[in-house]
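The file input34.cif comes next; it holds mmCIF, C-alpha atoms.
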data_upload
#
loop_
_atom_site.label_atom_id
_atom_site.label_comp_id
_atom_site.auth_asym_id
_atom_site.auth_seq_id
_atom_site.Cartn_x
_atom_site.Cartn_y
_atom_site.Cartn_z
CA MET A 4 32.75 4.24 3.66
CA TYR A 5 30.63 4.77 0.55
CA PHE A 6 27.14 3.84 -0.53
CA VAL A 7 26.06 2.53 -3.89
CA CYS A 8 22.97 3.94 -5.52
CA GLN A 9 21.35 3.03 -8.80
CA LEU A 10 18.31 4.84 -10.16
CA ASN A 11 16.32 4.14 -13.29
CA ILE A 12 13.74 6.52 -14.67
CA ALA A 13 10.23 5.10 -14.52
CA LEU A 14 8.12 4.97 -17.67
CA SER A 15 5.20 6.52 -15.81
CA ASP A 16 4.76 8.65 -12.70
CA ASP A 17 2.63 5.85 -11.28
CA VAL A 18 5.25 3.09 -11.62
CA LEU A 19 7.84 2.47 -8.93
CA PRO A 20 11.31 3.01 -10.41
CA GLU A 21 13.96 0.36 -9.84
CA PHE A 22 16.62 1.47 -7.34
CA SER A 23 19.24 0.10 -4.98
CA PHE A 24 20.76 1.54 -1.80
CA SER A 25 22.91 0.22 1.02
CA ASP A 26 21.32 -0.57 4.36
CA THR A 27 22.75 0.32 7.76
CA GLU A 28 25.08 -2.70 7.58
CA ASN A 29 26.37 -1.57 4.15
CA LYS A 30 24.56 -4.41 2.33
CA ILE A 31 23.03 -3.33 -1.00
CA HIS A 32 19.31 -3.93 -1.44
CA SER A 33 17.25 -3.55 -4.58
CA ILE A 34 13.63 -2.49 -4.20
CA SER A 35 12.74 -5.54 -6.32
CA GLU A 36 13.43 -7.70 -3.24
CA TRP A 37 10.01 -6.63 -1.98
CA LYS A 38 8.31 -6.61 -5.40
CA SER A 39 5.40 -8.91 -4.50
CA LYS A 40 4.44 -6.89 -1.42
CA THR A 41 2.58 -3.70 -0.73
CA ILE A 42 5.46 -1.33 0.04
CA VAL A 43 5.30 1.77 2.21
CA LEU A 44 8.34 3.90 1.36
CA ASN A 45 9.10 6.69 3.78
CA PHE A 46 11.74 9.30 2.95
CA TRP A 47 13.04 10.75 6.21
CA ALA A 48 16.01 12.29 8.02
CA SER A 49 17.20 12.19 11.64
CA TRP A 50 17.12 16.00 11.87
CA CYS A 51 13.44 16.13 10.82
CA GLN A 52 11.14 16.18 13.88
CA PRO A 53 7.93 15.26 11.96
CA CYS A 54 9.85 12.31 10.48
CA LEU A 55 10.88 11.05 13.90
CA LYS A 56 7.35 11.48 15.23
CA GLU A 57 5.78 9.20 12.60
CA ILE A 58 8.36 6.35 12.77
CA PRO A 59 6.84 4.71 15.91
CA ASP A 60 3.50 4.53 14.06
CA PHE A 61 5.26 2.90 11.10
CA MET A 62 6.83 0.37 13.45
CA ALA A 63 3.41 -0.50 14.91
CA LEU A 64 1.86 -0.76 11.44
CA GLN A 65 4.73 -2.97 10.25
CA ASN A 66 3.91 -5.39 13.07
CA GLN A 67 0.17 -5.15 12.43
CA TYR A 68 0.28 -5.66 8.62
CA GLU A 69 3.35 -7.85 8.12
CA LYS A 70 1.20 -10.99 7.71
CA GLN A 71 -0.87 -9.19 5.05
CA ASN A 72 2.25 -8.85 2.86
CA VAL A 73 2.98 -5.19 3.71
CA GLN A 74 6.57 -3.98 3.99
CA PHE A 75 7.64 -0.61 5.37
CA ILE A 76 11.00 0.67 4.12
CA GLY A 77 12.72 3.81 5.33
CA ILE A 78 14.78 5.78 2.82
CA ALA A 79 17.14 7.93 4.87
CA ILE A 80 18.11 11.25 3.36
CA ASP A 81 20.88 11.46 5.89
CA ASP A 82 24.27 10.05 6.81
CA LEU A 83 24.85 6.59 8.25
CA THR A 84 26.05 7.70 11.69
CA ALA A 85 22.94 9.78 12.43
CA VAL A 86 20.63 7.08 11.06
CA LEU A 87 22.27 4.32 13.10
CA ARG A 88 22.06 6.40 16.28
CA TYR A 89 18.30 6.88 15.88
CA LYS A 90 17.62 3.36 14.59
CA ASN A 91 19.40 1.81 17.56
CA LEU A 92 17.76 4.22 20.02
CA ILE A 93 14.20 3.20 19.16
CA GLY A 94 14.74 -0.22 17.54
CA ILE A 95 13.25 0.37 14.10
CA ASN A 96 11.81 -2.97 12.96
CA TYR A 97 11.83 -2.46 9.19
CA PRO A 98 14.64 -1.99 6.65
CA ILE A 99 16.37 1.39 6.50
CA LEU A 100 18.21 2.21 3.28
CA ILE A 101 20.76 5.04 3.19
CA ALA A 102 20.18 7.27 0.19
CA GLY A 103 22.03 10.39 1.26
CA GLU A 104 20.72 13.82 0.45
CA TRP A 105 21.18 14.10 -3.32
CA ASP A 106 20.13 10.56 -4.30
CA GLY A 107 17.28 10.51 -1.79
CA TYR A 108 15.74 13.75 -3.00
CA GLU A 109 16.26 12.69 -6.63
CA LEU A 110 14.39 9.43 -6.05
CA SER A 111 11.59 11.04 -4.06
CA SER A 112 11.22 13.64 -6.80
CA ARG A 113 10.79 10.87 -9.38
CA MET A 114 7.97 9.57 -7.19
CA GLY A 115 6.16 12.91 -7.11
CA ASN A 116 7.88 14.87 -4.33
CA SER A 117 8.18 18.07 -6.35
CA ALA A 118 8.86 20.19 -3.24
CA ASN A 119 11.72 17.88 -2.12
CA THR A 120 10.45 17.78 1.45
CA VAL A 121 10.69 15.21 4.21
CA PRO A 122 8.88 13.33 5.42
CA TYR A 123 7.49 12.02 2.17
CA THR A 124 5.59 8.73 2.01
CA VAL A 125 4.64 6.60 -0.98
CA VAL A 126 2.57 3.40 -0.99
CA VAL A 127 3.16 0.96 -3.84
CA ASN A 128 0.91 -2.01 -4.54
CA SER A 129 2.11 -5.52 -5.40
CA GLU A 130 1.98 -4.62 -9.12
CA SER A 131 4.61 -1.87 -8.54
CA ARG A 132 2.04 0.91 -9.02
CA ILE A 133 2.17 3.97 -6.79
CA ILE A 134 -1.27 4.19 -5.18
CA PHE A 135 -0.66 6.88 -2.52
CA ARG A 136 1.68 9.86 -2.05
CA TYR A 137 1.88 12.13 0.96
CA SER A 138 4.14 15.10 1.63
CA GLY A 139 4.52 15.81 5.36
CA ALA A 140 3.80 13.66 8.38
CA VAL A 141 1.19 11.13 7.30
CA LYS A 142 -1.55 10.16 9.76
CA LYS A 143 -1.65 6.55 10.89
CA THR A 144 -5.37 6.37 10.03
CA ASP A 145 -4.70 7.54 6.46
CA LEU A 146 -2.11 4.80 5.97
CA ILE A 147 -4.42 2.18 7.43
CA SER A 148 -7.14 3.18 4.97
CA VAL A 149 -4.68 2.72 2.07
CA ILE A 150 -2.85 -0.45 3.12
CA GLY A 151 -5.94 -2.02 4.64
CA ALA A 152 -7.84 -1.56 1.36
CA LYS A 153 -5.09 -2.88 -0.88
#
If you convert what's in this file into structure tokens, what do you get?
Amino acid sequence: MYFVCQLNIALSDDVLPEFSFSDTENKIHSISEWKSKTIVLNFWASWCQPCLKEIPDFMALQNQYEKQNVQFIGIAIDDLTAVLRYKNLIGINYPILIAGEWDGYELSSRMGNSANTVPYTVVVNSESRIIFRYSGAVKKTDLISVIGAK
């Protein structure tokens, strides 16, 4: 099994680059599918304990803000088997795209993750502008203040 990835360099650090990754069912998704929404991108891995700790909060926030045009998307810097195991265990309710290690870190770096750490979270407004970046486990209250004020 293989995964397709396409990355384009953004013109500005504040603009979301166009990219495509396969989901857990091996269907390719372009980030432009969610272009008109406020997007919360979370780079994570199944071996990262802080990543796993924040996912239940993301699931709750996805439910809470879905009607306000907010979409959480997980970008897994991991392999499909490990991601599926965790996704199925807790029932993640938002799209998970499989970036793999190299492509995932490359994309997160283009969005400001200079330390190449996970978790790394980016919030993008409906105009495709990056309005929030956070390296490490982001607090639920911090995300609410960003997505609630969009």
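Nearest-residue note for A:Asp106: choosing from A:Val149, A:Ile134, A:Ala79, A:Met62, the minimum distance belongs to A:Ala79, counting all atoms listed in the file.
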Practice problem: Determine the residue set returned by the PyMOL selection byres ((chain A and resi 44) around 9) for the present structure, and present it as a count of residues only. | Solution: 14
Exercise. List the neighbours of A:Ser117 out to 12 Å using only C-alpha atoms; skip same-chain residues closer than 3 positions along the sequence, and give me the result as a PyMOL selection string.
Key: chain A and resi 16+108-114+120-121+123+136-138
Let's have the selection written as a CSV table (one decimal), in the coordinates of the input, with C-alpha atoms.
chain,number,residue,atom,x,y,z
A,16,ASP,CA,4.8,8.6,-12.7
A,108,TYR,CA,15.7,13.8,-3.0
A,109,GLU,CA,16.3,12.7,-6.6
A,110,LEU,CA,14.4,9.4,-6.0
A,111,SER,CA,11.6,11.0,-4.1
A,112,SER,CA,11.2,13.6,-6.8
A,113,ARG,CA,10.8,10.9,-9.4
A,114,MET,CA,8.0,9.6,-7.2
A,120,THR,CA,10.4,17.8,1.4
A,121,VAL,CA,10.7,15.2,4.2
A,123,TYR,CA,7.5,12.0,2.2
A,136,ARG,CA,1.7,9.9,-2.0
A,137,TYR,CA,1.9,12.1,1.0
A,138,SER,CA,4.1,15.1,1.6
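Of note, atom CA of A:Pro98 and atom CA of A:Phe61 are spaced 11.5 Å apart.
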Coordinates of box centre and edge lengths for stretch 40-45 of chain A, 6 Å on every side, axis-aligned, as lines of an AutoDock Vina configuration file:
center_x = 5.8
center_y = -0.1
center_z = 1.2
size_x = 18.5
size_y = 25.6
size_z = 17.2
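The coordinates place atom CA of A:Pro53 at 23.9 Å from atom CA of A:Glu69.
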Quiz item: Which of these residues is nearest to A:Thr84, using all atoms listed in the file: A:Leu19, A:Ile147, A:Val141, A:Ala48?
Solution: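 Counting all atoms listed in the file, the residue closest to A:Thr84 is A:Ala48.
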Practice problem: For A:Ala140, work out the shell of residues within 7 Å, counting all atoms listed in the file and skipping chain neighbours fewer than 6 positions away, then give it as a list in words. | Solution: Pro53, Cys54, Glu57 and Pro122 of chain A
